[in-house]
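Okay, model_2.cif is below, mmCIF, C-alpha atoms:
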```
data_start
#
loop_
_atom_site.label_atom_id
_atom_site.label_comp_id
_atom_site.auth_asym_id
_atom_site.auth_seq_id
_atom_site.Cartn_x
_atom_site.Cartn_y
_atom_site.Cartn_z
CA MET I 1 97.19 2.92 -13.47
CA ILE I 2 100.81 3.86 -12.70
CA SER I 3 102.00 2.30 -15.95
CA ARG I 4 99.52 4.52 -17.81
CA LEU I 5 100.91 7.59 -16.02
CA LEU I 6 104.50 6.65 -16.92
CA GLN I 7 103.52 6.15 -20.56
CA PHE I 8 101.77 9.52 -20.62
CA LEU I 9 104.84 11.23 -19.16
CA ASP I 10 107.12 9.63 -21.75
CA LYS I 11 104.80 10.58 -24.63
CA SER I 12 104.41 14.19 -23.40
CA PRO I 13 107.86 15.87 -23.50
CA VAL I 14 106.29 19.31 -24.04
CA SER I 15 102.86 20.90 -23.67
CA PHE I 16 101.93 20.36 -27.34
CA TYR I 17 102.27 16.60 -26.96
CA ALA I 18 100.54 16.59 -23.58
CA VAL I 19 97.49 18.26 -25.12
CA GLN I 20 97.53 15.95 -28.14
CA ASN I 21 97.68 12.88 -25.89
CA ILE I 22 94.88 14.18 -23.64
CA ALA I 23 92.73 14.88 -26.71
CA ASN I 24 93.35 11.38 -28.07
CA GLN I 25 92.29 9.80 -24.79
CA LEU I 26 89.18 11.98 -24.60
CA GLU I 27 88.18 10.96 -28.11
CA GLU I 28 88.62 7.29 -27.24
CA VAL I 29 85.77 7.62 -24.72
CA GLY I 30 83.47 9.67 -26.95
CA TYR I 31 84.48 13.32 -26.63
CA ARG I 32 84.45 15.38 -29.82
CA GLN I 33 86.53 18.41 -30.70
CA VAL I 34 84.76 21.74 -31.09
CA ASP I 35 86.17 24.57 -33.18
CA PRO I 36 85.81 27.79 -31.12
CA ALA I 37 85.78 29.80 -34.37
CA GLN I 38 82.43 28.19 -35.25
CA PRO I 39 79.04 28.62 -33.54
CA LEU I 40 78.77 26.37 -30.52
CA GLY I 41 75.25 25.33 -31.46
CA LYS I 42 72.86 23.47 -29.22
CA VAL I 43 74.24 22.12 -25.95
CA GLU I 44 72.35 19.18 -24.44
CA ALA I 45 72.65 17.08 -21.30
CA GLY I 46 75.27 14.37 -21.73
CA ASP I 47 77.23 16.19 -24.44
CA ARG I 48 80.99 15.65 -24.20
CA PHE I 49 83.37 17.87 -26.10
CA TYR I 50 86.68 19.69 -25.85
CA VAL I 51 88.42 22.73 -27.29
CA THR I 52 92.10 23.61 -27.56
CA LYS I 53 94.01 26.87 -27.68
CA ASN I 54 97.42 27.22 -29.35
CA GLY I 55 97.69 23.44 -29.36
CA SER I 56 99.10 23.70 -25.83
CA SER I 57 96.00 24.09 -23.63
CA ILE I 58 92.83 22.00 -23.62
CA TYR I 59 89.40 22.31 -21.99
CA ALA I 60 87.02 19.34 -21.74
CA PHE I 61 83.32 19.59 -20.86
CA GLN I 62 80.84 16.88 -19.83
CA ILE I 63 77.44 18.58 -19.75
CA GLY I 64 75.21 17.71 -16.79
CA SER I 65 71.49 17.01 -16.81
CA GLN I 66 70.82 20.35 -15.10
CA PRO I 67 71.69 23.69 -16.73
CA LEU I 68 74.79 25.51 -15.54
CA SER I 69 72.62 28.22 -14.05
CA ASP I 70 70.92 25.73 -11.72
CA ALA I 71 73.75 23.36 -10.81
CA GLY I 72 76.94 25.26 -11.57
CA PHE I 73 79.96 23.18 -12.62
CA ARG I 74 82.80 21.25 -11.05
CA MET I 75 86.22 22.00 -12.48
CA ILE I 76 89.71 20.57 -12.10
CA CYS I 77 92.55 22.76 -13.40
CA ALA I 78 96.20 21.91 -14.00
CA HIS I 79 98.99 23.07 -16.33
CA SER I 80 100.74 21.39 -19.24
CA ASP I 81 104.10 23.18 -19.16
CA SER I 82 107.23 22.50 -17.10
CA PRO I 83 110.54 24.35 -16.63
CA THR I 84 113.01 23.63 -19.42
CA PHE I 85 115.15 25.37 -22.06
CA ARG I 86 113.86 26.81 -25.32
CA ILE I 87 115.97 26.72 -28.48
CA LYS I 88 116.61 30.22 -29.80
CA PRO I 89 116.41 31.19 -33.49
CA ASN I 90 119.71 30.94 -35.38
CA ALA I 91 120.44 28.21 -32.87
CA GLU I 92 123.80 26.77 -33.93
CA LEU I 93 126.80 28.39 -32.26
CA PRO I 94 130.24 28.37 -33.99
CA GLY I 95 132.99 25.97 -32.95
CA TYR I 96 134.17 22.45 -33.69
CA LEU I 97 131.32 21.15 -31.52
CA VAL I 98 127.88 22.33 -32.58
CA ARG I 99 126.11 23.76 -29.54
CA LEU I 100 122.56 25.06 -29.51
CA ASN I 101 121.76 28.53 -28.22
CA THR I 102 119.10 28.27 -25.49
CA GLU I 103 117.05 30.46 -23.17
CA VAL I 104 115.52 29.42 -19.88
CA TYR I 105 111.80 28.63 -19.78
CA GLY I 106 110.35 28.94 -16.28
CA GLY I 107 112.52 28.27 -13.22
CA PRO I 108 114.45 25.01 -13.65
CA ILE I 109 117.12 23.74 -11.25
CA MET I 110 119.75 24.24 -13.92
CA SER I 111 122.47 22.00 -12.47
CA THR I 112 120.18 18.95 -12.77
CA TRP I 113 120.29 19.25 -16.57
CA PHE I 114 124.02 18.54 -16.77
CA ASP I 115 125.55 15.29 -18.04
CA ARG I 116 122.35 13.49 -18.90
CA PRO I 117 120.96 12.46 -22.31
CA LEU I 118 118.54 15.05 -23.65
CA THR I 119 116.41 15.35 -26.73
CA LEU I 120 114.28 17.90 -28.58
CA ALA I 121 110.51 18.22 -28.80
CA GLY I 122 108.02 20.88 -29.85
CA ARG I 123 106.44 22.10 -33.05
CA VAL I 124 107.70 23.17 -36.44
CA ILE I 125 105.94 25.83 -38.49
CA LEU I 126 105.81 25.09 -42.23
CA ARG I 127 104.89 27.24 -45.19
CA GLY I 128 101.30 26.75 -46.38
CA ASP I 129 98.88 28.27 -48.86
CA ASP I 130 97.53 30.85 -46.36
CA GLU I 131 100.09 33.06 -44.64
CA LEU I 132 97.74 33.60 -41.68
CA HIS I 133 97.36 29.85 -41.17
CA PRO I 134 100.71 28.10 -41.67
CA LEU I 135 101.06 24.35 -41.35
CA ILE I 136 102.08 22.96 -37.95
CA ARG I 137 103.86 19.67 -37.32
CA LEU I 138 104.80 18.27 -33.92
CA ILE I 139 108.25 16.79 -33.47
CA HIS I 140 109.74 14.55 -30.78
CA ILE I 141 113.11 12.99 -31.54
CA LYS I 142 112.87 9.78 -29.50
CA ARG I 143 116.53 9.14 -28.86
CA PRO I 144 119.35 10.73 -26.87
CA LEU I 145 120.39 13.66 -29.04
CA LEU I 146 122.12 16.29 -26.90
CA GLN I 147 123.96 16.78 -23.64
CA ILE I 148 124.97 19.76 -21.50
CA SER I 149 128.40 18.74 -20.23
CA ASN I 150 130.01 19.91 -17.00
CA LEU I 151 133.46 21.43 -16.79
CA ALA I 152 135.91 18.90 -15.32
CA ILE I 153 136.59 19.33 -11.61
CA HIS I 154 140.30 19.75 -12.45
CA PHE I 155 139.46 23.15 -13.97
CA ASN I 156 137.02 24.12 -11.25
CA ARG I 157 138.13 22.82 -7.86
CA GLN I 158 135.34 24.74 -6.10
CA VAL I 159 132.53 23.07 -8.04
CA ASN I 160 131.33 21.12 -4.97
CA ASP I 161 131.22 24.32 -2.94
CA GLY I 162 128.53 25.73 -5.20
CA VAL I 163 128.88 27.42 -8.58
CA LYS I 164 126.86 30.29 -9.97
CA LEU I 165 125.68 29.23 -13.41
CA SER I 166 125.29 31.54 -16.38
CA LYS I 167 122.08 30.94 -18.32
CA GLN I 168 123.78 32.10 -21.52
CA LYS I 169 127.19 30.47 -21.15
CA ASP I 170 126.77 27.25 -19.20
CA MET I 171 123.44 25.88 -20.44
CA LEU I 172 124.38 25.18 -24.06
CA PRO I 173 123.79 21.57 -25.17
CA ILE I 174 126.17 19.79 -27.53
CA LEU I 175 124.52 18.52 -30.72
CA GLY I 176 127.36 17.15 -32.84
CA ILE I 177 130.79 17.53 -34.43
CA ILE I 178 131.30 19.76 -37.46
CA GLU I 179 132.73 17.60 -40.23
CA SER I 180 132.91 20.39 -42.81
CA GLN I 181 132.15 24.09 -43.02
CA PHE I 182 129.49 23.23 -45.57
CA ARG I 183 127.46 21.57 -42.82
CA HIS I 184 127.85 24.49 -40.40
CA GLY I 185 124.48 26.07 -39.59
CA ASN I 186 122.49 23.24 -41.15
CA MET I 187 122.78 20.41 -38.63
CA LEU I 188 119.63 21.22 -36.64
CA ILE I 189 117.50 21.95 -39.70
CA ASN I 190 118.66 18.75 -41.36
CA LEU I 191 117.73 16.78 -38.25
CA ILE I 192 114.27 18.37 -38.26
CA VAL I 193 113.81 17.61 -41.97
CA ASP I 194 114.87 13.98 -41.48
CA GLU I 195 112.57 13.50 -38.49
CA LEU I 196 109.50 15.09 -40.11
CA GLY I 197 110.28 13.25 -43.33
CA LYS I 198 109.53 9.94 -41.62
CA GLU I 199 105.83 10.83 -41.97
CA SER I 200 105.82 12.99 -45.12
CA PRO I 201 108.54 14.76 -47.13
CA VAL I 202 109.68 18.19 -45.96
CA SER I 203 112.37 20.43 -47.43
CA PRO I 204 114.46 22.99 -45.49
CA GLU I 205 112.80 25.76 -47.49
CA ASP I 206 109.39 24.73 -46.09
CA ILE I 207 110.45 25.54 -42.51
CA ILE I 208 109.54 29.06 -41.39
CA ASP I 209 110.10 28.76 -37.63
CA PHE I 210 109.88 26.41 -34.67
CA ASP I 211 109.08 26.16 -30.95
CA LEU I 212 111.60 23.58 -29.74
CA TYR I 213 112.52 22.66 -26.16
CA LEU I 214 114.95 20.38 -24.38
CA ALA I 215 113.54 17.28 -22.70
CA ASP I 216 115.03 14.47 -20.65
CA ALA I 217 115.54 11.43 -22.89
CA THR I 218 115.48 8.91 -20.00
CA PRO I 219 112.09 7.18 -19.58
CA ALA I 220 109.96 7.72 -16.49
CA CYS I 221 110.21 4.88 -13.98
CA THR I 222 109.38 3.71 -10.49
CA PHE I 223 112.02 2.96 -7.86
CA GLY I 224 112.35 2.13 -4.19
CA ALA I 225 112.24 -1.05 -2.10
CA ARG I 226 108.63 -1.66 -3.19
CA ASN I 227 108.68 0.52 -6.32
CA GLU I 228 106.77 3.09 -4.31
CA PHE I 229 108.45 6.17 -5.84
CA ILE I 230 108.07 7.77 -9.27
CA SER I 231 111.05 9.35 -11.02
CA SER I 232 110.36 11.50 -14.07
CA GLY I 233 110.65 14.88 -15.61
CA ARG I 234 107.51 17.02 -15.72
CA LEU I 235 105.68 15.45 -12.75
CA ASP I 236 104.94 19.12 -12.07
CA ASP I 237 102.36 19.29 -13.44
CA LEU I 238 101.62 16.49 -15.90
CA SER I 239 100.89 14.06 -13.06
CA MET I 240 98.01 16.31 -11.98
CA CYS I 241 96.81 16.68 -15.59
CA TYR I 242 96.67 12.92 -15.92
CA ALA I 243 94.97 12.37 -12.57
CA GLY I 244 92.25 14.79 -13.67
CA LEU I 245 91.95 13.08 -17.04
CA GLU I 246 91.65 9.62 -15.46
CA ALA I 247 88.90 10.85 -13.16
CA LEU I 248 86.97 12.65 -15.91
CA THR I 249 87.05 9.79 -18.41
CA ALA I 250 85.93 7.34 -15.71
CA SER I 251 83.04 9.51 -14.50
CA LYS I 252 79.43 8.98 -15.52
CA GLY I 253 76.79 11.54 -16.36
CA THR I 254 75.46 13.55 -13.41
CA ALA I 255 73.33 16.63 -12.82
CA VAL I 256 76.42 18.86 -12.62
CA THR I 257 78.59 19.80 -15.60
CA LYS I 258 82.20 18.66 -15.27
CA VAL I 259 85.17 20.59 -16.63
CA LEU I 260 88.83 19.67 -17.01
CA ALA I 261 90.96 22.74 -17.83
CA ILE I 262 94.64 22.23 -18.71
CA PHE I 263 96.41 25.56 -19.13
CA ASP I 264 99.81 26.37 -20.61
CA ASN I 265 102.46 28.85 -19.43
CA GLU I 266 101.88 28.57 -15.68
CA GLU I 267 105.64 28.44 -15.23
CA THR I 268 106.02 31.87 -16.85
CA GLY I 269 103.09 33.67 -15.22
CA SER I 270 99.97 32.46 -17.12
CA GLN I 271 99.47 35.77 -18.94
CA THR I 272 99.02 34.33 -22.43
CA LYS I 273 96.05 33.48 -24.62
CA GLN I 274 96.42 29.85 -23.54
CA GLY I 275 97.22 30.57 -19.88
CA ALA I 276 95.07 30.78 -16.76
CA GLY I 277 95.09 34.58 -17.03
CA SER I 278 93.31 34.44 -20.39
CA PRO I 279 89.54 35.03 -20.72
CA PHE I 280 89.28 32.05 -23.09
CA LEU I 281 87.87 29.56 -20.55
CA ALA I 282 85.42 32.14 -19.21
CA SER I 283 84.19 32.81 -22.74
CA MET I 284 83.66 29.09 -23.39
CA LEU I 285 81.68 28.67 -20.18
CA LYS I 286 79.64 31.75 -21.04
CA ARG I 287 78.90 30.34 -24.51
CA ILE I 288 77.70 27.08 -22.96
CA ALA I 289 75.44 28.94 -20.53
CA LEU I 290 74.06 31.08 -23.34
CA ALA I 291 73.43 28.01 -25.50
CA GLN I 292 71.47 26.43 -22.65
CA SER I 293 69.45 29.41 -21.47
CA GLY I 294 69.79 32.25 -23.99
CA THR I 295 70.86 34.69 -21.28
CA GLU I 296 74.25 35.83 -20.01
CA GLU I 297 72.82 35.88 -16.49
CA ALA I 298 73.03 32.07 -16.50
CA PHE I 299 76.82 32.24 -16.66
CA TYR I 300 77.07 34.46 -13.59
CA GLN I 301 74.70 32.19 -11.68
CA ALA I 302 76.80 29.18 -12.69
CA VAL I 303 80.00 30.79 -11.41
CA GLU I 304 78.42 31.35 -7.99
CA ARG I 305 77.41 27.68 -7.81
CA ALA I 306 80.70 26.28 -9.12
CA PHE I 307 83.72 24.82 -7.37
CA MET I 308 87.30 24.62 -8.68
CA ILE I 309 90.17 22.34 -7.74
CA SER I 310 93.44 23.95 -8.81
CA ALA I 311 95.76 20.94 -9.00
CA ASP I 312 99.46 21.78 -8.93
CA ASN I 313 102.09 19.70 -7.15
CA ALA I 314 103.17 20.52 -3.60
CA HIS I 315 106.52 20.35 -1.80
CA ALA I 316 107.12 17.07 0.00
CA PHE I 317 109.18 17.12 3.20
CA HIS I 318 112.87 16.51 2.44
CA PRO I 319 114.56 15.02 5.54
CA ASN I 320 117.98 16.40 4.51
CA TYR I 321 116.65 19.97 4.68
CA SER I 322 114.14 19.99 7.53
CA GLU I 323 115.02 23.58 8.44
CA ARG I 324 113.45 24.79 5.18
CA TYR I 325 109.96 23.63 6.10
CA ASP I 326 107.24 24.76 8.46
CA PRO I 327 107.66 22.91 11.79
CA VAL I 328 104.32 21.10 11.52
CA ASN I 329 102.75 21.73 8.08
CA HIS I 330 105.16 19.73 5.93
CA PRO I 331 103.59 17.01 3.75
CA LEU I 332 105.14 13.56 3.44
CA LEU I 333 105.54 11.40 0.35
CA GLY I 334 102.80 8.79 0.45
CA GLY I 335 100.64 10.81 2.83
CA GLY I 336 98.01 11.79 0.28
CA PRO I 337 96.99 14.99 -1.57
CA VAL I 338 98.08 18.30 -0.08
CA ILE I 339 95.91 21.37 0.55
CA LYS I 340 98.03 24.50 0.10
CA PHE I 341 97.62 27.72 2.11
CA ASN I 342 99.28 31.12 1.84
CA ALA I 343 98.45 34.28 3.82
CA ALA I 344 99.55 36.47 0.89
CA GLN I 345 96.85 34.79 -1.24
CA LYS I 346 99.25 33.06 -3.63
CA TYR I 347 96.89 30.09 -3.34
CA ALA I 348 93.11 30.09 -3.77
CA SER I 349 92.51 28.02 -0.63
CA ASP I 350 90.70 29.39 2.38
CA ALA I 351 89.25 27.55 5.37
CA GLU I 352 85.88 26.97 3.67
CA SER I 353 87.25 25.67 0.36
CA ALA I 354 89.85 23.57 2.17
CA ALA I 355 87.05 22.01 4.22
CA VAL I 356 85.23 21.12 1.00
CA PHE I 357 88.26 19.27 -0.34
CA ALA I 358 88.88 17.60 3.02
CA GLU I 359 85.33 16.21 2.93
CA ILE I 360 85.84 15.00 -0.65
CA CYS I 361 88.90 13.09 0.55
CA ARG I 362 87.06 11.69 3.55
CA LYS I 363 84.24 10.37 1.36
CA ALA I 364 86.77 8.86 -1.04
CA ASP I 365 88.60 7.23 1.89
CA VAL I 366 91.74 9.17 0.98
CA PRO I 367 94.15 10.80 3.47
CA TYR I 368 95.02 14.45 2.95
CA GLN I 369 97.72 16.79 4.20
CA GLN I 370 98.31 20.53 4.55
CA PHE I 371 101.16 22.72 3.39
CA VAL I 372 102.16 26.20 4.54
CA ASN I 373 105.55 27.72 3.78
CA HIS I 374 108.15 28.25 6.49
CA SER I 375 107.54 31.91 7.33
CA ASP I 376 111.13 32.84 6.47
CA VAL I 377 111.06 31.07 3.09
CA GLY I 378 109.29 32.60 0.11
CA GLY I 379 107.11 30.19 -1.87
CA GLY I 380 105.80 30.04 -5.41
CA SER I 381 102.33 30.64 -6.76
CA THR I 382 100.07 28.64 -9.04
CA LEU I 383 97.19 29.02 -11.46
CA GLY I 384 94.27 28.96 -8.99
CA ASN I 385 94.46 32.55 -7.84
CA ILE I 386 95.31 33.73 -11.37
CA LEU I 387 92.23 32.04 -12.82
CA THR I 388 90.01 33.59 -10.16
CA GLY I 389 91.10 36.99 -11.48
CA SER I 390 88.95 36.33 -14.57
CA ILE I 391 86.35 33.93 -13.10
CA PRO I 392 85.57 34.60 -9.40
CA LEU I 393 85.32 30.93 -8.46
CA ARG I 394 85.22 29.35 -5.07
CA GLY I 395 88.07 26.88 -5.02
CA VAL I 396 91.04 25.19 -3.42
CA ASP I 397 94.71 24.87 -4.37
CA MET I 398 96.10 21.39 -3.86
CA GLY I 399 98.56 18.93 -5.33
CA ASN I 400 100.48 15.77 -4.70
CA PRO I 401 103.74 16.05 -2.70
CA ILE I 402 106.95 15.73 -4.72
CA LEU I 403 110.66 16.19 -4.10
CA ALA I 404 113.05 18.24 -6.24
CA MET I 405 110.32 20.38 -7.81
CA HIS I 406 111.61 21.95 -11.06
CA SER I 407 114.50 19.50 -11.32
CA CYS I 408 115.09 17.80 -14.65
CA ARG I 409 113.74 14.70 -12.84
CA GLU I 410 111.35 15.03 -9.93
CA THR I 411 110.32 12.40 -7.37
CA GLY I 412 106.76 11.53 -6.48
CA CYS I 413 104.97 8.61 -4.83
CA VAL I 414 102.82 5.90 -6.38
CA TYR I 415 100.42 5.95 -3.42
CA ASP I 416 99.74 9.68 -3.77
CA HIS I 417 98.81 9.37 -7.44
CA LEU I 418 96.33 6.61 -6.66
CA PHE I 419 94.90 8.64 -3.77
CA CYS I 420 94.54 11.70 -5.99
CA VAL I 421 92.67 9.89 -8.75
CA LYS I 422 90.23 8.54 -6.13
CA ALA I 423 89.66 12.02 -4.70
CA PHE I 424 89.15 13.57 -8.15
CA THR I 425 86.73 10.79 -9.11
CA GLN I 426 84.74 11.47 -5.93
CA PHE I 427 84.70 15.20 -6.76
CA TYR I 428 83.36 14.66 -10.28
CA GLY I 429 80.76 12.21 -8.95
#
```

Exercise: express the given structure as structure tokens:
Amino acid sequence: MISRLLQFLDKSPVSFYAVQNIANQLEEVGYRQVDPAQPLGKVEAGDRFYVTKNGSSIYAFQIGSQPLSDAGFRMICAHSDSPTFRIKPNAELPGYLVRLNTEVYGGPIMSTWFDRPLTLAGRVILRGDDELHPLIRLIHIKRPLLQISNLAIHFNRQVNDGVKLSKQKDMLPILGIIESQFRHGNMLINLIVDELGKESPVSPEDIIDFDLYLADATPACTFGARNEFISSGRLDDLSMCYAGLEALTASKGTAVTKVLAIFDNEETGSQTKQGAGSPFLASMLKRIALAQSGTEEAFYQAVERAFMISADNAHAFHPNYSERYDPVNHPLLGGGPVIKFNAAQKYASDAESAAVFAEICRKADVPYQQFVNHSDVGGGSTLGNILTGSIPLRGVDMGNPILAMHSCRETGCVYDHLFCVKAFTQFYG
């Protein structure tokens, strides 16, 4: 199971690939893709299908034997995006070394991106016959391609005392050496053309635009005395996406409809058409309820009978920085899934929903933990409470504990992933 997770992480450098890989695995077990622009048609017990939005979010449905209005639905939510750096238009900056102009996506720990092999991944938009529907090709250059290099300590003697980094000046990756002025401004486009050309010919004139991001080029791996730790980029939140996928694809038909919702853009606030703040998921659930019963009332009944698990990684206790954590509510690596609480309602959990998840863990024979921020340390938010702004679901915010959240490479625990899949499988039934 851990080898499958590592493979998924390596094949999913950006949200577009994560969604493509999830869709492929769903289709392998009998799910079919539905076009939301077409009528949904008849929905019957046992149907399994999925829809995507923007190619970067995906929603899978396994229809139960009872209508949504009678049994509600059980939903696991996670997000496909992770903090990184986006390549700006007109990307190549002048100089003898070609550097790419970047902007920050989300909230990365910027210093962790220095002096390590990086690559590019994303999508390229190509000219087609219909200007409203251009052609889209995914691209992942599977080799070390770039690096953001540090300034030598000889020029910055205070570097180990802490340095304030400029997002515009310091975070510019090196792509190559200019051999002639003729090649200036064309290096990135030529790389894209060569990479896409491995599948089918593309000319520079075909390229209209792109969504390209930096990604760590070093494969995910396990480490530790017993290989008990996981080291990888994008554990937050692809590890939760994959745990939900493993549980859904292993689950059998039941009375209750099961939903796996993987949103994009959580790291930038979720307020996009493919984010948790979008009405897209609510509209799909409403269409399913209407197809089953012919009345919108069925959707509202289903929401009241539903339960959501918002799965987003949690902060594991770091023994070097114990003063940053709550004195007693600090989860440990290997201690099991973490229920997250916040008095300012940044998490969807309350005592009742937390008790539901605790009982799920107990029945699955899985340990669980609790996380609350140190009262003097501000914490982040997640997609659970954002989603409930459009669908008033009862639900819990949880996640596996990891170290170095938002680093280029984060650290998780093998045991926690196995625990989480067991808990999710128990939840789906």

- Message: Just checking: using only C-alpha atoms, which residue out of I:Asn190, I:Gln168, I:Ser353, I:Asn160 ends up closest to Leu93 in chain I?
- Response: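 Closest residue, counting only C-alpha atoms: I:Gln168.
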
- Computed interatomic separation between CA of Asp161 in chain I and CA of Leu332 in chain I (Å): 28.9 Å

- Message: Residue by residue, what does the PyMOL selection byres ((chain I and resi 14) around 12) grab here? Present the result as number ranges by chain.
- Response: I: 8-13, 15-21, 55-57, 79-86, 105, 119-123, 138-141, 211-216, 233-235, 237-238, 264-265

- Using all atoms listed in the file, which of the listed residues (I:Gln274, I:Gln345, I:Thr425, I:Asn227) sits closest to Lys363 in chain I?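 Counting all atoms listed in the file, the residue closest to Lys363 in chain I is I:Thr425.
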
- Query: Of the candidates I:Ser203, I:Thr257, I:Asn150, I:Thr222, which one gets nearest to Ala306 in chain I if we count only C-alpha atoms?
  - Reply: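 So, comparing all the options, the nearest one is I:Thr257.
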
- Could you jot down the CA of Tyr242 in chain I to CA of Ser111 in chain I separation for me, Å, one decimal place?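 Between these atoms lies a distance of 27.6 Å.
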
- Message: Applying 10 Å and only C-alpha atoms, which residues near Ala291 in chain I remain after dropping the ones on its own chain fewer than 2 positions away? List them as number ranges by chain.
- Response: I: 39-44, 67, 285-289, 293-296, 298

- Item | Residue nearest Val51 in chain I - candidates I:Ile207, I:Met1, I:Ala358, I:Ala37, atoms counted: all atoms listed in the file | I:Ala37

- Polymer residues at most 7 Å from His374 in chain I, all atoms listed in the file, same-chain spacing of 6 or more positions, as an MDAnalysis selection string: chainID I and resid 324:326

- Which distance in Å separates CA of Ser232 in chain I and CA of Gly335 in chain I, to one decimal? 19.5 Å
